[in-house]
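**Student:** To start, I am sharing the structure in question, which I have written as structure tokens.
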Amino acid sequence: MGYGGGVYPFAGAEFTALNDDLRDALGVKTSGVFVTNVMEGSPARTAGLRGGDIIVKADGIKVQGPFDLVDAIRNADSRSTNTHAIELQVLRKSKPQTLTLRW
């Protein structure tokens, strides 16, 4: 696992920082987290998250990089005792979507 990316087994998603090279390749100007892979049967896949998505907000908070996303997930964990959920705003093929990740 390199700096800024990782696999989070509870959700089944792998992601990395959206750096300048990725922004250029994707033709986007936003900050966020680039989803590189989503495992079949995982909570992330069930939520509708797909490889190639860019997560720009998590529970209404702007995601600048992977650490922001991890913080939002941790905050969701601390708010709930049974069901854990977080609302993600993503860009897919430059179109905004809202997904709810539950674990």
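Ordering of the structure tokens sets the chain letters (A, B, ...); residue numbers start at 1 within each chain; ligands are numbered from 1 in the order shown.
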Using only C-alpha atoms, determine which residues lie at most 9 Å from Leu18 of chain A, disregarding the query and same-chain residues fewer than 5 positions distant; provide the list as a list in words.
**Tutor:** Arg23, Thr30, Ser31, Gly32, Val33, Phe34, Ile54, Gln64, Gly65 and Pro66 of chain A
**Student:** If we count only C-alpha atoms and set the cut-off at 6 Å, which residues sit around Val38 of chain A, ignoring sequence neighbours fewer than 4 positions away in its own chain? Please answer as a list in words.
**Tutor:**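 Neighbouring residues, sequence-local ones excluded: Gly12, Ala13, Arg50 and Gly51 of chain A.
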**Student:** Save the residues we just selected, all heavy atoms, as a PDB file, in the first residue's frame?
**Tutor:**
ATOM      1  N   GLY A  12     -14.778  -2.758   0.953  1.00  0.00           N
ATOM      2  CA  GLY A  12     -14.431  -3.448  -0.281  1.00  0.00           C
ATOM      3  C   GLY A  12     -14.022  -2.525  -1.404  1.00  0.00           C
ATOM      4  O   GLY A  12     -14.206  -2.852  -2.574  1.00  0.00           O
ATOM      5  N   ALA A  13     -13.466  -1.365  -1.057  1.00  0.00           N
ATOM      6  CA  ALA A  13     -13.051  -0.403  -2.083  1.00  0.00           C
ATOM      7  C   ALA A  13     -11.572  -0.071  -1.935  1.00  0.00           C
ATOM      8  O   ALA A  13     -11.052   0.017  -0.830  1.00  0.00           O
ATOM      9  CB  ALA A  13     -13.875   0.871  -1.976  1.00  0.00           C
ATOM     10  N   ARG A  50     -18.178   2.379  -8.124  1.00  0.00           N
ATOM     11  CA  ARG A  50     -17.499   1.662  -9.197  1.00  0.00           C
ATOM     12  C   ARG A  50     -16.085   2.191  -9.362  1.00  0.00           C
ATOM     13  O   ARG A  50     -15.812   3.359  -9.080  1.00  0.00           O
ATOM     14  CB  ARG A  50     -18.238   1.853 -10.535  1.00  0.00           C
ATOM     15  CG  ARG A  50     -19.678   1.383 -10.541  1.00  0.00           C
ATOM     16  CD  ARG A  50     -19.750  -0.139 -10.500  1.00  0.00           C
ATOM     17  NE  ARG A  50     -21.110  -0.627 -10.535  1.00  0.00           N
ATOM     18  CZ  ARG A  50     -21.794  -1.032  -9.486  1.00  0.00           C
ATOM     19  NH1 ARG A  50     -21.268  -0.957  -8.287  1.00  0.00           N
ATOM     20  NH2 ARG A  50     -23.005  -1.511  -9.600  1.00  0.00           N
ATOM     21  N   GLY A  51     -15.203   1.346  -9.854  1.00  0.00           N
ATOM     22  CA  GLY A  51     -13.866   1.803 -10.199  1.00  0.00           C
ATOM     23  C   GLY A  51     -13.972   2.917 -11.228  1.00  0.00           C
ATOM     24  O   GLY A  51     -14.789   2.843 -12.142  1.00  0.00           O
TER      25      GLY A  51
END
**Student:** Give me the residues within 10 Å of Gln97 of chain A as a PDB file with N, CA, C and O atoms, in the first residue's frame, counting only C-alpha atoms and dropping any in the same chain fewer than 4 places off.
**Tutor:**
ATOM      1  N   GLY A  48     -23.260   0.993  -5.035  1.00  0.00           N
ATOM      2  CA  GLY A  48     -23.203   1.504  -6.393  1.00  0.00           C
ATOM      3  C   GLY A  48     -21.869   2.120  -6.758  1.00  0.00           C
ATOM      4  O   GLY A  48     -21.704   2.641  -7.861  1.00  0.00           O
ATOM      5  N   LEU A  49     -20.899   2.065  -5.869  1.00  0.00           N
ATOM      6  CA  LEU A  49     -19.577   2.610  -6.147  1.00  0.00           C
ATOM      7  C   LEU A  49     -18.884   1.745  -7.188  1.00  0.00           C
ATOM      8  O   LEU A  49     -18.998   0.513  -7.148  1.00  0.00           O
ATOM      9  N   ASP A  53     -14.828   5.996 -10.315  1.00  0.00           N
ATOM     10  CA  ASP A  53     -15.567   7.079  -9.649  1.00  0.00           C
ATOM     11  C   ASP A  53     -14.587   7.979  -8.913  1.00  0.00           C
ATOM     12  O   ASP A  53     -13.519   7.550  -8.487  1.00  0.00           O
ATOM     13  N   ILE A  55     -14.689  10.325  -5.576  1.00  0.00           N
ATOM     14  CA  ILE A  55     -15.446  10.729  -4.392  1.00  0.00           C
ATOM     15  C   ILE A  55     -15.045  12.163  -4.062  1.00  0.00           C
ATOM     16  O   ILE A  55     -13.880  12.444  -3.796  1.00  0.00           O
ATOM     17  N   LEU A  88     -22.051   9.500   0.080  1.00  0.00           N
ATOM     18  CA  LEU A  88     -20.932   9.885  -0.772  1.00  0.00           C
ATOM     19  C   LEU A  88     -21.436  10.617  -1.997  1.00  0.00           C
ATOM     20  O   LEU A  88     -22.381  10.157  -2.650  1.00  0.00           O
ATOM     21  N   GLN A  89     -20.828  11.738  -2.292  1.00  0.00           N
ATOM     22  CA  GLN A  89     -21.093  12.427  -3.550  1.00  0.00           C
ATOM     23  C   GLN A  89     -19.926  12.101  -4.465  1.00  0.00           C
ATOM     24  O   GLN A  89     -18.766  12.323  -4.114  1.00  0.00           O
ATOM     25  N   VAL A  90     -20.247  11.526  -5.615  1.00  0.00           N
ATOM     26  CA  VAL A  90     -19.217  11.083  -6.544  1.00  0.00           C
ATOM     27  C   VAL A  90     -19.436  11.690  -7.922  1.00  0.00           C
ATOM     28  O   VAL A  90     -20.545  12.097  -8.265  1.00  0.00           O
ATOM     29  N   LEU A  91     -18.350  11.731  -8.666  1.00  0.00           N
ATOM     30  CA  LEU A  91     -18.416  12.048 -10.085  1.00  0.00           C
ATOM     31  C   LEU A  91     -18.152  10.757 -10.846  1.00  0.00           C
ATOM     32  O   LEU A  91     -17.166  10.077 -10.584  1.00  0.00           O
ATOM     33  N   ARG A  92     -19.063  10.423 -11.743  1.00  0.00           N
ATOM     34  CA  ARG A  92     -18.882   9.258 -12.606  1.00  0.00           C
ATOM     35  C   ARG A  92     -19.040   9.744 -14.035  1.00  0.00           C
ATOM     36  O   ARG A  92     -20.101  10.227 -14.413  1.00  0.00           O
TER      37      ARG A  92
END
**Student:** Just how far from atom CA of Asp77 of chain A is atom CA of Ala44 of chain A, in Å to one decimal?
**Tutor:**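 Separation of atom CA of Ala44 of chain A and atom CA of Asp77 of chain A: 15.6 Å.
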**Student:** Chain A: which residues are strand (DSSP E) by DSSP, as a PyMOL selection string?
**Tutor:** chain A and resi 6-8+13-17+33-38+54-58+61-62+85-92+95-102
**Student:** Hey, which of A:Lys95, A:Glu87, A:Thr46, A:Met39 ends up closest to Ile73 of chain A? Count only C-alpha atoms.
**Tutor:** A:Glu87
**Student:** In Å to one decimal, how far is atom CA of Asp68 of chain A from atom CA of Lys93 of chain A?
**Tutor:**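 Computed distance, atom CA of Lys93 of chain A to atom CA of Asp68 of chain A, equals 22.3 Å.
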